[in-house]
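Asker: final29.txt (compact mmCIF, C-alpha atoms) pasted underneath:
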# COMPACT_ATOMS: atom_id res chain seq x y z
CA MET S 1 201.73 94.72 101.72
CA GLY S 2 198.89 97.24 101.46
CA ARG S 3 196.15 97.62 98.90
CA SER S 4 196.64 98.57 95.24
CA ASN S 5 195.83 102.15 94.31
CA LYS S 6 193.55 103.24 91.52
CA TRP S 7 196.30 102.93 88.92
CA GLY S 8 196.98 99.31 89.89
CA VAL S 9 200.30 100.14 91.61
CA ASP S 10 200.85 98.18 94.82
CA ASN S 11 201.03 100.08 98.09
CA VAL S 12 203.03 99.40 101.21
CA ARG S 13 201.75 99.95 104.72
CA LYS S 14 203.59 102.50 106.82
CA LYS S 15 203.25 103.31 110.52
CA ILE S 16 202.88 107.04 111.17
CA ASP S 17 202.31 109.22 114.25
CA VAL S 18 198.88 110.88 114.09
CA GLN S 19 200.58 114.30 114.46
CA TYR S 20 201.90 113.90 110.91
CA LEU S 21 198.67 112.94 109.18
CA GLU S 22 197.54 115.01 106.20
CA VAL S 23 194.40 115.32 104.12
CA GLY S 24 194.50 112.80 101.26
CA MET S 25 196.26 110.03 103.17
CA TYR S 26 194.57 106.64 103.23
CA VAL S 27 194.28 105.26 106.78
CA ALA S 28 194.43 101.46 106.49
CA GLU S 29 194.77 100.41 110.14
CA LEU S 30 194.57 101.97 113.60
CA ASP S 31 196.56 101.24 116.74
CA ARG S 32 193.37 99.78 118.25
CA PRO S 33 190.28 97.88 117.02
CA TRP S 34 188.15 99.86 114.57
CA LEU S 35 184.94 99.14 116.44
CA GLY S 36 186.29 100.71 119.61
CA THR S 37 186.38 104.08 117.82
CA PRO S 38 183.92 106.22 115.86
CA PHE S 39 185.57 104.95 112.65
CA LEU S 40 183.49 101.80 112.23
CA PHE S 41 184.56 101.20 108.61
CA GLN S 42 187.92 99.57 108.01
CA GLY S 43 190.03 101.88 105.84
CA PHE S 44 189.22 105.42 104.70
CA GLU S 45 190.80 108.38 102.97
CA ILE S 46 191.17 111.56 105.03
CA HIS S 47 189.05 114.30 103.48
CA ALA S 48 189.03 116.96 106.18
CA HIS S 49 191.15 118.25 109.08
CA GLU S 50 188.26 117.39 111.42
CA GLU S 51 188.91 113.71 110.68
CA ILE S 52 192.56 114.15 111.65
CA GLU S 53 191.53 115.74 114.95
CA GLU S 54 189.15 112.83 115.55
CA LEU S 55 191.98 110.35 114.92
CA LYS S 56 194.22 112.25 117.35
CA ARG S 57 191.61 111.86 120.07
CA TYR S 58 191.57 108.07 119.68
CA CYS S 59 194.96 107.01 118.37
CA THR S 60 198.67 107.56 118.97
CA PHE S 61 199.66 106.15 115.60
CA VAL S 62 198.01 104.65 112.52
CA TYR S 63 199.05 102.74 109.41
CA ILE S 64 198.67 104.40 106.02
CA ASP S 65 198.96 102.95 102.51
CA ILE S 66 201.53 104.65 100.26
CA PRO S 67 202.65 103.75 96.70
CA ASP S 68 205.89 101.79 96.35
CA VAL S 69 207.62 100.74 93.14
CA HIS S 70 209.37 97.83 94.86
CA VAL S 71 207.03 95.03 95.63
CA GLY S 72 208.18 92.58 98.30
CA PRO S 73 207.27 88.92 98.62
CA PRO S 74 203.59 88.17 99.23
CA GLU S 75 202.29 87.07 102.62
CA ARG S 76 202.26 83.31 103.15
CA ARG S 77 198.47 83.32 103.47
CA PRO S 78 195.66 85.84 103.13
CA ARG S 79 195.01 87.71 106.34
CA ALA S 80 192.05 86.32 108.24
CA HIS S 81 190.25 89.62 107.94
CA ALA S 82 190.56 89.86 104.17
CA ALA S 83 187.14 90.83 102.90
CA PRO S 84 185.35 90.87 99.57
CA LEU S 85 186.10 93.97 97.53
CA LYS S 86 182.67 95.49 98.13
CA GLU S 87 183.27 95.44 101.90
CA MET S 88 186.59 97.27 101.58
CA SER S 89 185.22 100.15 99.50
CA MET S 90 185.94 103.57 100.94
CA PRO S 91 183.05 104.93 103.03
CA THR S 92 181.51 108.25 102.15
CA GLU S 93 181.63 111.22 104.52
CA ALA S 94 177.96 110.59 105.34
CA GLU S 95 178.76 106.99 106.27
CA GLN S 96 181.63 108.14 108.47
CA ARG S 97 179.32 110.61 110.22
CA ILE S 98 176.68 107.93 110.78
CA ALA S 99 179.38 105.61 112.13
CA ARG S 100 180.52 108.20 114.68
CA ASP S 101 176.93 108.92 115.74
CA PHE S 102 176.24 105.18 115.92
CA LEU S 103 179.01 104.55 118.44
CA LYS S 104 177.96 107.55 120.55
CA ILE S 105 174.43 106.11 120.77
CA ILE S 106 175.74 102.73 121.92
CA ASN S 107 177.88 104.37 124.62
CA GLN S 108 175.23 106.77 125.90
CA PRO S 109 174.71 106.49 129.66
CA ARG S 110 171.27 105.14 130.51
CA THR S 111 168.93 105.80 133.35
CA ARG S 112 168.38 103.02 135.87
CA PRO S 113 166.63 100.17 134.01
CA VAL S 114 163.17 98.94 134.90
CA TYR S 115 164.16 95.31 134.29
CA THR S 116 167.29 93.37 135.18
CA ASP S 117 168.15 89.87 133.96
CA GLN S 118 166.75 87.27 136.32
CA ARG S 119 168.50 84.34 134.65
CA VAL S 120 171.58 83.80 132.52
CA LEU S 121 171.05 82.62 128.95
CA GLU S 122 171.60 78.93 129.66
CA GLN S 123 169.02 78.94 132.45
CA GLU S 124 166.32 80.47 130.25
CA LEU S 125 166.93 78.50 127.06
CA GLY S 126 164.82 75.47 127.99
CA GLU S 127 161.63 77.42 128.67
CA ALA S 128 162.32 79.78 125.76
CA ARG S 129 162.58 76.81 123.39
CA GLU S 130 159.25 75.44 124.62
CA HIS S 131 157.48 78.82 124.41
CA HIS S 132 158.87 79.43 120.92
CA ALA S 133 157.62 76.04 119.70
CA ILE S 134 154.16 76.68 121.15
CA ALA S 135 154.02 80.17 119.65
CA ARG S 136 155.15 78.83 116.27
CA ALA S 137 152.32 76.28 116.29
CA LEU S 138 149.89 79.01 117.33
CA ILE S 139 150.74 81.39 114.49
CA TYR S 140 150.25 78.60 111.95
CA GLN S 141 146.88 77.77 113.53
CA ILE S 142 145.88 81.44 113.42
CA LEU S 143 146.88 81.70 109.77
CA ASP S 144 144.96 78.53 108.88
CA ASP S 145 141.84 79.70 110.76
CA ALA S 146 141.99 83.13 109.14
CA ARG S 147 142.42 81.56 105.71
CA SER S 148 139.34 79.39 106.21
CA GLY S 149 137.26 82.17 107.76
CA LYS S 150 137.08 80.64 111.24
CA ASN S 151 137.01 82.65 114.45
CA LEU S 152 140.52 83.23 115.76
CA ASP S 153 141.43 82.05 119.26
CA SER S 154 142.29 85.32 120.98
CA ILE S 155 142.36 83.73 124.45
CA ARG S 156 145.06 81.26 123.42
CA ALA S 157 146.97 84.02 121.62
CA LYS S 158 147.01 86.18 124.76
CA ARG S 159 148.16 83.25 126.88
CA VAL S 160 151.02 82.38 124.53
CA VAL S 161 152.16 86.00 124.21
CA GLY S 162 152.02 86.24 128.00
CA GLU S 163 154.48 83.31 128.25
CA LEU S 164 156.78 84.91 125.68
CA THR S 165 156.59 88.16 127.66
CA GLU S 166 157.70 86.49 130.88
CA SER S 167 160.63 84.82 129.11
CA VAL S 168 161.77 88.13 127.62
CA ILE S 169 161.50 89.81 131.02
CA ARG S 170 163.69 87.11 132.60
CA ASN S 171 166.32 87.29 129.86
CA PRO S 172 165.58 88.54 126.31
CA ASP S 173 168.64 86.87 124.80
CA ALA S 174 167.15 83.37 124.93
CA LEU S 175 164.21 84.08 122.62
CA SER S 176 166.42 86.44 120.59
CA CYS S 177 168.51 83.40 119.63
CA PHE S 178 165.40 81.87 118.04
CA ILE S 179 164.96 84.98 115.88
CA GLN S 180 167.84 83.62 113.81
CA LEU S 181 165.70 80.68 112.62
CA ARG S 182 164.66 81.89 109.17
CA LYS S 183 163.19 80.09 106.17
CA LYS S 184 162.14 81.91 103.02
CA ASP S 185 159.23 79.57 102.44
CA GLU S 186 157.91 80.26 105.95
CA TYR S 187 158.50 84.00 105.89
CA THR S 188 155.02 85.30 106.77
CA ALA S 189 154.58 82.99 109.78
CA LEU S 190 158.07 83.17 111.21
CA HIS S 191 158.31 86.90 110.45
CA SER S 192 155.20 87.48 112.58
CA LEU S 193 156.72 85.52 115.46
CA ARG S 194 160.08 87.29 115.15
CA VAL S 195 158.37 90.70 115.11
CA CYS S 196 156.50 89.69 118.27
CA ILE S 197 159.77 88.76 120.03
CA LEU S 198 161.59 91.86 118.77
CA ALA S 199 158.74 94.08 119.93
CA LEU S 200 158.81 92.48 123.38
CA ALA S 201 162.59 92.90 123.68
CA PHE S 202 162.33 96.54 122.55
CA GLY S 203 159.43 97.20 124.89
CA ARG S 204 161.41 95.70 127.80
CA HIS S 205 164.30 98.00 126.93
CA LEU S 206 161.91 100.98 126.96
CA GLY S 207 160.64 99.93 130.38
CA LEU S 208 157.02 99.17 129.44
CA ASP S 209 155.04 97.40 132.14
CA ARG S 210 153.84 93.80 131.77
CA ASP S 211 150.37 94.70 130.51
CA ALA S 212 151.79 97.04 127.88
CA LEU S 213 154.36 94.44 126.83
CA GLN S 214 151.67 91.82 126.34
CA MET S 215 149.58 94.18 124.21
CA LEU S 216 152.63 95.13 122.15
CA GLY S 217 153.62 91.49 121.65
CA LEU S 218 150.08 90.53 120.66
CA GLY S 219 150.05 93.27 118.04
CA GLY S 220 153.42 92.09 116.72
CA LEU S 221 152.17 88.52 116.42
CA LEU S 222 149.10 89.61 114.43
CA HIS S 223 150.55 92.57 112.51
CA ASP S 224 150.76 90.88 109.10
CA ILE S 225 147.69 88.65 109.27
CA GLY S 226 146.11 90.62 106.40
CA LYS S 227 148.71 89.18 104.02
CA LEU S 228 146.57 86.06 103.85
CA LYS S 229 144.28 88.11 101.61
CA VAL S 230 147.12 89.01 99.20
CA PRO S 231 147.95 86.56 96.37
CA VAL S 232 151.05 84.50 97.15
CA ASP S 233 152.58 85.23 93.74
CA ILE S 234 152.59 88.93 94.64
CA LEU S 235 154.06 88.33 98.11
CA ASN S 236 156.88 86.25 96.59
CA LYS S 237 157.36 88.10 93.30
CA PRO S 238 161.14 88.40 92.70
CA SER S 239 160.87 91.54 90.54
CA ALA S 240 159.40 94.99 91.15
CA LEU S 241 155.65 95.18 91.75
CA THR S 242 153.40 97.00 89.31
CA GLU S 243 151.27 99.85 90.61
CA TYR S 244 148.26 97.53 90.73
CA GLU S 245 150.23 94.80 92.54
CA PHE S 246 151.57 97.29 95.07
CA ALA S 247 148.03 98.48 95.77
CA LEU S 248 147.08 94.86 96.51
CA MET S 249 150.15 94.51 98.74
CA LYS S 250 149.22 97.63 100.72
CA SER S 251 145.71 96.28 101.23
CA HIS S 252 147.07 93.77 103.76
CA VAL S 253 146.98 96.53 106.40
CA PRO S 254 143.26 97.38 106.34
CA ARG S 255 142.41 93.72 105.78
CA GLY S 256 144.50 92.79 108.80
CA VAL S 257 142.80 95.47 110.90
CA GLU S 258 139.42 94.07 109.85
CA ILE S 259 140.42 90.52 110.85
CA VAL S 260 141.83 91.56 114.23
CA GLU S 261 138.85 93.79 115.01
CA ARG S 262 136.62 90.72 114.69
CA MET S 263 138.66 88.89 117.34
CA SER S 264 137.21 89.17 120.83
CA GLY S 265 139.08 91.05 123.52
CA ILE S 266 141.94 92.45 121.45
CA PRO S 267 143.03 95.72 123.13
CA ALA S 268 143.28 98.92 121.09
CA PRO S 269 147.08 99.31 121.52
CA ALA S 270 147.63 95.88 119.94
CA LEU S 271 145.45 96.92 117.02
CA GLU S 272 147.64 100.02 116.55
CA VAL S 273 150.59 97.78 115.67
CA VAL S 274 148.53 96.19 112.89
CA ARG S 275 147.22 99.54 111.70
CA GLY S 276 150.41 101.58 111.89
CA HIS S 277 153.41 99.37 111.09
CA HIS S 278 153.75 100.77 107.54
CA GLU S 279 153.20 104.43 108.43
CA ARG S 280 156.36 106.52 108.22
CA HIS S 281 157.55 109.52 110.22
CA SER S 282 157.59 111.86 107.20
CA GLY S 283 154.07 110.88 106.12
CA THR S 284 155.24 108.81 103.15
CA GLY S 285 153.98 105.48 104.50
CA TYR S 286 150.67 103.73 104.05
CA VAL S 287 147.74 103.41 104.33
CA SER S 288 146.75 106.66 106.01
CA GLY S 289 149.86 108.72 105.31
CA LEU S 290 150.18 109.67 108.98
CA LYS S 291 153.25 111.62 110.04
CA GLY S 292 155.19 112.23 113.22
CA GLU S 293 153.16 112.09 116.40
CA GLU S 294 150.02 111.26 114.42
CA ILE S 295 151.31 107.68 114.38
CA ALA S 296 150.38 105.79 117.54
CA PHE S 297 153.31 104.86 119.80
CA PHE S 298 152.80 101.12 119.30
CA GLY S 299 152.49 101.73 115.57
CA MET S 300 155.91 103.43 115.61
CA ILE S 301 157.45 100.47 117.45
CA GLY S 302 155.76 98.05 115.05
CA GLY S 303 157.19 99.90 112.06
CA ILE S 304 160.74 99.75 113.42
CA VAL S 305 160.79 96.06 114.37
CA ASP S 306 158.90 95.01 111.21
CA CYS S 307 161.41 96.85 109.01
CA TYR S 308 164.41 95.47 110.91
CA ASP S 309 163.30 91.87 110.52
CA ALA S 310 162.31 92.37 106.88
CA ILE S 311 165.68 93.78 105.76
CA THR S 312 167.70 91.18 107.69
CA SER S 313 165.72 88.27 106.17
CA ASP S 314 166.33 86.54 102.84
CA ARG S 315 163.40 87.16 100.53
CA ALA S 316 162.49 85.97 97.05
CA TYR S 317 163.63 89.31 95.62
CA ARG S 318 166.80 89.99 97.67
CA ALA S 319 169.19 88.61 100.26
CA GLY S 320 169.04 89.83 103.84
CA MET S 321 171.74 92.11 105.23
CA SER S 322 173.60 91.71 108.51
CA ALA S 323 171.96 93.04 111.66
CA HIS S 324 174.83 95.50 112.10
CA THR S 325 174.34 96.91 108.59
CA ALA S 326 170.57 97.03 109.06
CA LEU S 327 170.87 99.12 112.20
CA LYS S 328 173.18 101.59 110.44
CA GLN S 329 170.75 101.82 107.53
CA MET S 330 167.83 102.45 109.85
CA TYR S 331 169.77 105.13 111.69
CA GLY S 332 170.24 106.83 108.32
CA TRP S 333 166.46 106.66 107.79
CA ARG S 334 165.62 108.32 111.12
CA GLY S 335 163.47 111.41 110.81
CA ARG S 336 162.28 110.27 107.39
CA ASP S 337 160.91 106.80 108.06
CA PHE S 338 161.09 106.46 111.83
CA HIS S 339 160.91 108.57 114.97
CA PRO S 340 164.57 109.61 115.57
CA ALA S 341 164.62 109.02 119.33
CA LEU S 342 162.92 105.62 119.00
CA VAL S 343 165.46 104.49 116.38
CA GLU S 344 168.28 105.45 118.72
CA GLN S 345 166.64 103.49 121.54
CA PHE S 346 166.24 100.47 119.23
CA ILE S 347 169.95 100.60 118.39
CA GLN S 348 170.72 100.67 122.10
CA CYS S 349 168.35 97.75 122.63
CA MET S 350 169.88 95.57 119.91
CA GLY S 351 173.47 96.62 120.60
CA ILE S 352 176.26 97.16 118.12
CA TYR S 353 176.68 93.37 117.87
CA PRO S 354 173.19 91.76 117.82
CA ILE S 355 172.95 88.06 118.62
CA GLY S 356 173.86 86.01 115.55
CA SER S 357 176.36 88.56 114.19
CA VAL S 358 179.44 87.03 112.54
CA VAL S 359 182.47 88.94 113.81
CA GLU S 360 186.24 89.01 113.47
CA LEU S 361 188.32 89.41 116.61
CA ASN S 362 191.64 91.22 117.00
CA THR S 363 193.23 87.75 117.11
CA GLY S 364 192.12 87.08 113.54
CA GLU S 365 189.61 84.48 114.76
CA ILE S 366 186.06 84.44 113.41
CA GLY S 367 183.08 83.85 115.66
CA VAL S 368 179.36 84.31 116.25
CA VAL S 369 177.86 86.57 118.93
CA VAL S 370 175.73 84.37 121.18
CA THR S 371 174.64 86.73 123.95
CA MET S 372 174.80 90.44 124.71
CA ASN S 373 176.39 92.35 127.55
CA ARG S 374 173.85 94.97 128.59
CA VAL S 375 176.45 96.90 130.60
CA ARG S 376 179.49 96.75 128.29
CA ARG S 377 177.90 96.51 124.87
CA LEU S 378 181.23 96.13 123.07
CA LYS S 379 181.98 93.00 125.12
CA PRO S 380 179.48 90.24 124.22
CA ARG S 381 180.05 86.50 124.46
CA VAL S 382 181.29 84.97 121.21
CA THR S 383 181.46 81.37 120.00
CA LEU S 384 184.70 80.90 118.05
CA VAL S 385 184.26 79.15 114.70
CA LEU S 386 187.50 79.68 112.72
CA ASN S 387 191.03 80.23 113.98
CA ALA S 388 193.38 82.94 112.69
CA ASN S 389 194.29 80.71 109.73
CA CYS S 390 190.62 80.39 108.79
CA ALA S 391 190.59 76.72 109.80
CA PRO S 392 187.53 75.51 111.74
CA TYR S 393 187.86 74.58 115.38
CA ASN S 394 187.19 70.91 116.16
CA ALA S 395 184.62 71.98 118.75
CA PRO S 396 183.09 75.45 119.17
CA ILE S 397 184.41 77.40 122.17
CA THR S 398 182.43 80.23 123.72
CA ILE S 399 184.43 83.08 125.27
CA ASP S 400 183.37 86.11 127.27
CA LEU S 401 185.09 89.22 125.92
CA MET S 402 184.79 90.87 129.33
CA ASN S 403 187.52 88.52 130.64
CA HIS S 404 189.19 86.82 127.69
CA LYS S 405 192.74 87.78 126.70
CA THR S 406 194.81 87.23 123.58
CA THR S 407 197.86 84.97 123.76
CA ASP S 408 200.07 88.01 124.40
CA GLY S 409 197.88 89.26 127.24
CA ARG S 410 195.90 91.98 125.44
CA PRO S 411 192.12 92.33 125.87
CA CYS S 412 190.33 90.26 123.25
CA GLU S 413 188.10 92.58 121.20
CA ILE S 414 185.95 92.63 118.08
CA ASP S 415 187.59 94.23 115.06
CA ARG S 416 184.63 94.23 112.72
CA VAL S 417 181.29 92.69 111.75
CA LEU S 418 181.07 90.51 108.64
CA GLU S 419 178.18 90.25 106.23
CA PRO S 420 176.06 87.06 106.06
CA GLY S 421 177.66 84.25 104.10
CA VAL S 422 181.29 85.34 104.60
CA TYR S 423 183.42 82.21 105.12
CA GLY S 424 180.23 80.15 104.59
CA ILE S 425 179.24 80.44 108.25
CA ASP S 426 175.62 79.80 109.22
CA PRO S 427 175.28 81.57 112.61
CA VAL S 428 172.35 79.38 113.66
CA LEU S 429 174.64 76.34 113.85
CA TYR S 430 176.69 78.01 116.57
CA LEU S 431 173.95 79.43 118.75
CA PRO S 432 173.06 77.50 121.93
CA ILE S 433 169.64 76.65 120.48
CA THR S 434 171.21 74.04 118.21
CA SER S 435 174.50 73.02 119.79
CA ALA S 436 176.26 73.11 123.11
CA SER S 437 179.36 75.29 123.32
CA ARG S 438 182.03 75.18 125.99
CA VAL S 439 181.91 78.38 128.00
CA LEU S 440 185.24 79.65 129.28
CA LYS S 441 183.87 82.61 131.22
CA THR S 442 180.42 82.82 132.77
CA PRO S 443 178.94 86.32 133.17
CA VAL S 444 178.03 87.54 136.61
CA ILE S 445 174.24 87.85 136.78
CA ALA S 446 174.40 90.88 139.10
CA ALA S 447 176.29 92.83 136.46
CA THR S 448 173.63 92.62 133.77
CA ARG S 449 170.95 95.18 133.22
CA ALA S 450 168.28 96.02 130.68
Please render this file's structure as structure tokens.
Answerer:
Amino acid sequence: MGRSNKWGVDNVRKKIDVQYLEVGMYVAELDRPWLGTPFLFQGFEIHAHEEIEELKRYCTFVYIDIPDVHVGPPERRPRAHAAPLKEMSMPTEAEQRIARDFLKIINQPRTRPVYTDQRVLEQELGEAREHHAIARALIYQILDDARSGKNLDSIRAKRVVGELTESVIRNPDALSCFIQLRKKDEYTALHSLRVCILALAFGRHLGLDRDALQMLGLGGLLHDIGKLKVPVDILNKPSALTEYEFALMKSHVPRGVEIVERMSGIPAPALEVVRGHHERHSGTGYVSGLKGEEIAFFGMIGGIVDCYDAITSDRAYRAGMSAHTALKQMYGWRGRDFHPALVEQFIQCMGIYPIGSVVELNTGEIGVVVTMNRVRRLKPRVTLVLNANCAPYNAPITIDLMNHKTTDGRPCEIDRVLEPGVYGIDPVLYLPITSASRVLKTPVIAATRA
């Protein structure tokens, strides 16, 4: 049974050869996973002949929804991929265009990487956990010292960021797992640490050398330190800020620059992250209204990773969105808010399925992405949480989509990404930082690349 149309009449699903598609038909399913094509949104109405030609390039047949006066018996259970109504809404032409561009970016061939993974995820997790704990304690100490007017320990900060840098160089996925640890009441501190890790992972992807990575990470760690000078009730206000309150909010940038400038031995590139992370490509950011190449390179990177973490985090005034949705949103903001080429590189860095994404497989199973594949970005490792009947597994099982097959021998693939909270899944509970999963397929270290 298909969806109901706008008059409330039930539709039936019909298989049709792509040669017979016409404008106005509603494509409900493809003959392959949606996320293996430029059509990243499940279900859309054909508005133009160009969309038909695009479907012909990827599919032999599709399923369309057509009205039917005879309604058959209902399915015995809801399909595992049934989604809330808001997720099934028809995408606009602009969204379809962004989706096609998005997949092309992910599949772009890359030049030979500067860094290759030196360890698999499991080998790096122990040290990553220790470095994350030390860095977490450090950022709280820095915030306390800044709040009380004490001198900040720049030597310790450099040492800790250096350890984070080495972990990211060995394998960025380990610390990326810890990015998923989010608490609204610890937002400023943990946000600073997450931005540091994101900046290091992005910098590694861009091929920055060790010294540059350490300066970038240091800037990420300190980028929001000026928020200590902004009243907490403004930082956590659930409603819109007044003009006066927004002026106070914006003041965290120059106040942060002032604090960091007083620290001994902080290099200028690190300071540029603090100074420039709210500048925007079109000149509409703050505090200097810089545009385009006027924004320092590290300031551009800071703006991208700061925005990404902010919109994927739960805040007092809104819920965070999925990483997948955030990346699509940021792609739509390229040229206005962010340098277009840098946004595309960030999407390549994070991948179409960032770690912690809740996904549905072509088997109907629901799982959590636990590590990336830097060669085949559509084939990450996934910890299975729910079976095709939406029943939880007794013990989580981690599969490698590079090798795993369905019960009928087809390649196991991701059909779509789900928004946070769907099926009540907390991704953190299924990452290797909190529980051990049984791995069916272990990736070959020689096959990974930055």
Asker: Considering only C-alpha atoms, return as a ChimeraX atom specification whatever protein or nucleic-acid residues lie within 12 Å of Glu53 of chain S, sequence-local ones (same chain, fewer than 3 positions apart) excluded.
Answerer: /S:18-23,46-50,56-60
Asker: So which one's closest to Leu361 of chain S, S:Glu163, S:Lys150, S:Gln345, S:Arg32? Using all atoms listed in the file, please.
Answerer: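 Under the stated criterion, the closest residue is S:Arg32.
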Asker: My list of candidates is S:Glu166, S:Glu261, S:Glu54, S:Glu279. Which is closest to Ala128 of chain S when distances are computed with only C-alpha atoms?
Answerer: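 For Ala128 of chain S, the nearest of the given residues is S:Glu166.
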Asker: Can you tell me how far atom CA of Glu419 of chain S sits from atom CA of Gly320 of chain S, in Å to one decimal?
Answerer: 9.5 Å
Asker: Under the rule that only C-alpha atoms are counted, which of S:Gly24, S:Pro33, S:Gly276, S:Gly356 is the nearest residue to Glu45 of chain S?
Answerer: S:Gly24
Asker: I'd like to know which of S:Gly424, S:Pro238, S:Pro267, S:Pro380 is closest to Ile355 of chain S, using only C-alpha atoms.
Answerer: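 Looking at the shortest contact to Ile355 of chain S, the residue is S:Pro380.
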Asker: Rebuild segment 376-389 of chain S to N, CA, C and O atoms - output it as a PDB file, in the frame of the given file, please.
Answerer:
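Writing the result to rebuild.pdb gives the following:
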ATOM      1  N   ARG S 376     178.389  96.428 129.214  1.00  0.00           N
ATOM      2  CA  ARG S 376     179.490  96.750 128.290  1.00  0.00           C
ATOM      3  C   ARG S 376     179.119  96.176 126.928  1.00  0.00           C
ATOM      4  O   ARG S 376     179.376  95.016 126.620  1.00  0.00           O
ATOM      5  N   ARG S 377     178.489  96.999 126.114  1.00  0.00           N
ATOM      6  CA  ARG S 377     177.900  96.510 124.870  1.00  0.00           C
ATOM      7  C   ARG S 377     178.924  96.124 123.817  1.00  0.00           C
ATOM      8  O   ARG S 377     178.585  95.478 122.831  1.00  0.00           O
ATOM      9  N   LEU S 378     180.183  96.537 124.001  1.00  0.00           N
ATOM     10  CA  LEU S 378     181.230  96.130 123.070  1.00  0.00           C
ATOM     11  C   LEU S 378     181.889  94.825 123.503  1.00  0.00           C
ATOM     12  O   LEU S 378     182.850  94.382 122.886  1.00  0.00           O
ATOM     13  N   LYS S 379     181.364  94.207 124.567  1.00  0.00           N
ATOM     14  CA  LYS S 379     181.980  93.000 125.120  1.00  0.00           C
ATOM     15  C   LYS S 379     180.962  91.857 125.240  1.00  0.00           C
ATOM     16  O   LYS S 379     180.672  91.377 126.339  1.00  0.00           O
ATOM     17  N   PRO S 380     180.425  91.366 124.148  1.00  0.00           N
ATOM     18  CA  PRO S 380     179.480  90.240 124.220  1.00  0.00           C
ATOM     19  C   PRO S 380     180.219  88.918 124.419  1.00  0.00           C
ATOM     20  O   PRO S 380     181.448  88.878 124.483  1.00  0.00           O
ATOM     21  N   ARG S 381     179.464  87.845 124.493  1.00  0.00           N
ATOM     22  CA  ARG S 381     180.050  86.500 124.460  1.00  0.00           C
ATOM     23  C   ARG S 381     180.019  86.011 123.024  1.00  0.00           C
ATOM     24  O   ARG S 381     179.044  86.212 122.303  1.00  0.00           O
ATOM     25  N   VAL S 382     181.099  85.359 122.616  1.00  0.00           N
ATOM     26  CA  VAL S 382     181.290  84.970 121.210  1.00  0.00           C
ATOM     27  C   VAL S 382     181.693  83.501 121.143  1.00  0.00           C
ATOM     28  O   VAL S 382     182.576  83.050 121.890  1.00  0.00           O
ATOM     29  N   THR S 383     181.046  82.747 120.266  1.00  0.00           N
ATOM     30  CA  THR S 383     181.460  81.370 120.000  1.00  0.00           C
ATOM     31  C   THR S 383     182.448  81.378 118.829  1.00  0.00           C
ATOM     32  O   THR S 383     182.114  81.833 117.724  1.00  0.00           O
ATOM     33  N   LEU S 384     183.661  80.912 119.074  1.00  0.00           N
ATOM     34  CA  LEU S 384     184.700  80.900 118.050  1.00  0.00           C
ATOM     35  C   LEU S 384     184.452  79.767 117.057  1.00  0.00           C
ATOM     36  O   LEU S 384     184.215  78.629 117.450  1.00  0.00           O
ATOM     37  N   VAL S 385     184.536  80.112 115.766  1.00  0.00           N
ATOM     38  CA  VAL S 385     184.260  79.150 114.700  1.00  0.00           C
ATOM     39  C   VAL S 385     185.517  78.821 113.907  1.00  0.00           C
ATOM     40  O   VAL S 385     185.817  77.659 113.634  1.00  0.00           O
ATOM     41  N   LEU S 386     186.276  79.862 113.519  1.00  0.00           N
ATOM     42  CA  LEU S 386     187.500  79.680 112.720  1.00  0.00           C
ATOM     43  C   LEU S 386     188.680  80.284 113.483  1.00  0.00           C
ATOM     44  O   LEU S 386     188.548  81.336 114.135  1.00  0.00           O
ATOM     45  N   ASN S 387     189.835  79.649 113.364  1.00  0.00           N
ATOM     46  CA  ASN S 387     191.030  80.230 113.980  1.00  0.00           C
ATOM     47  C   ASN S 387     191.639  81.283 113.064  1.00  0.00           C
ATOM     48  O   ASN S 387     191.081  81.588 112.002  1.00  0.00           O
ATOM     49  N   ALA S 388     192.775  81.840 113.446  1.00  0.00           N
ATOM     50  CA  ALA S 388     193.380  82.940 112.690  1.00  0.00           C
ATOM     51  C   ALA S 388     193.820  82.519 111.298  1.00  0.00           C
ATOM     52  O   ALA S 388     194.039  83.367 110.422  1.00  0.00           O
ATOM     53  N   ASN S 389     193.956  81.214 111.063  1.00  0.00           N
ATOM     54  CA  ASN S 389     194.290  80.710 109.730  1.00  0.00           C
ATOM     55  C   ASN S 389     193.064  80.304 108.937  1.00  0.00           C
ATOM     56  O   ASN S 389     193.176  79.647 107.906  1.00  0.00           O
TER      57      ASN S 389
END
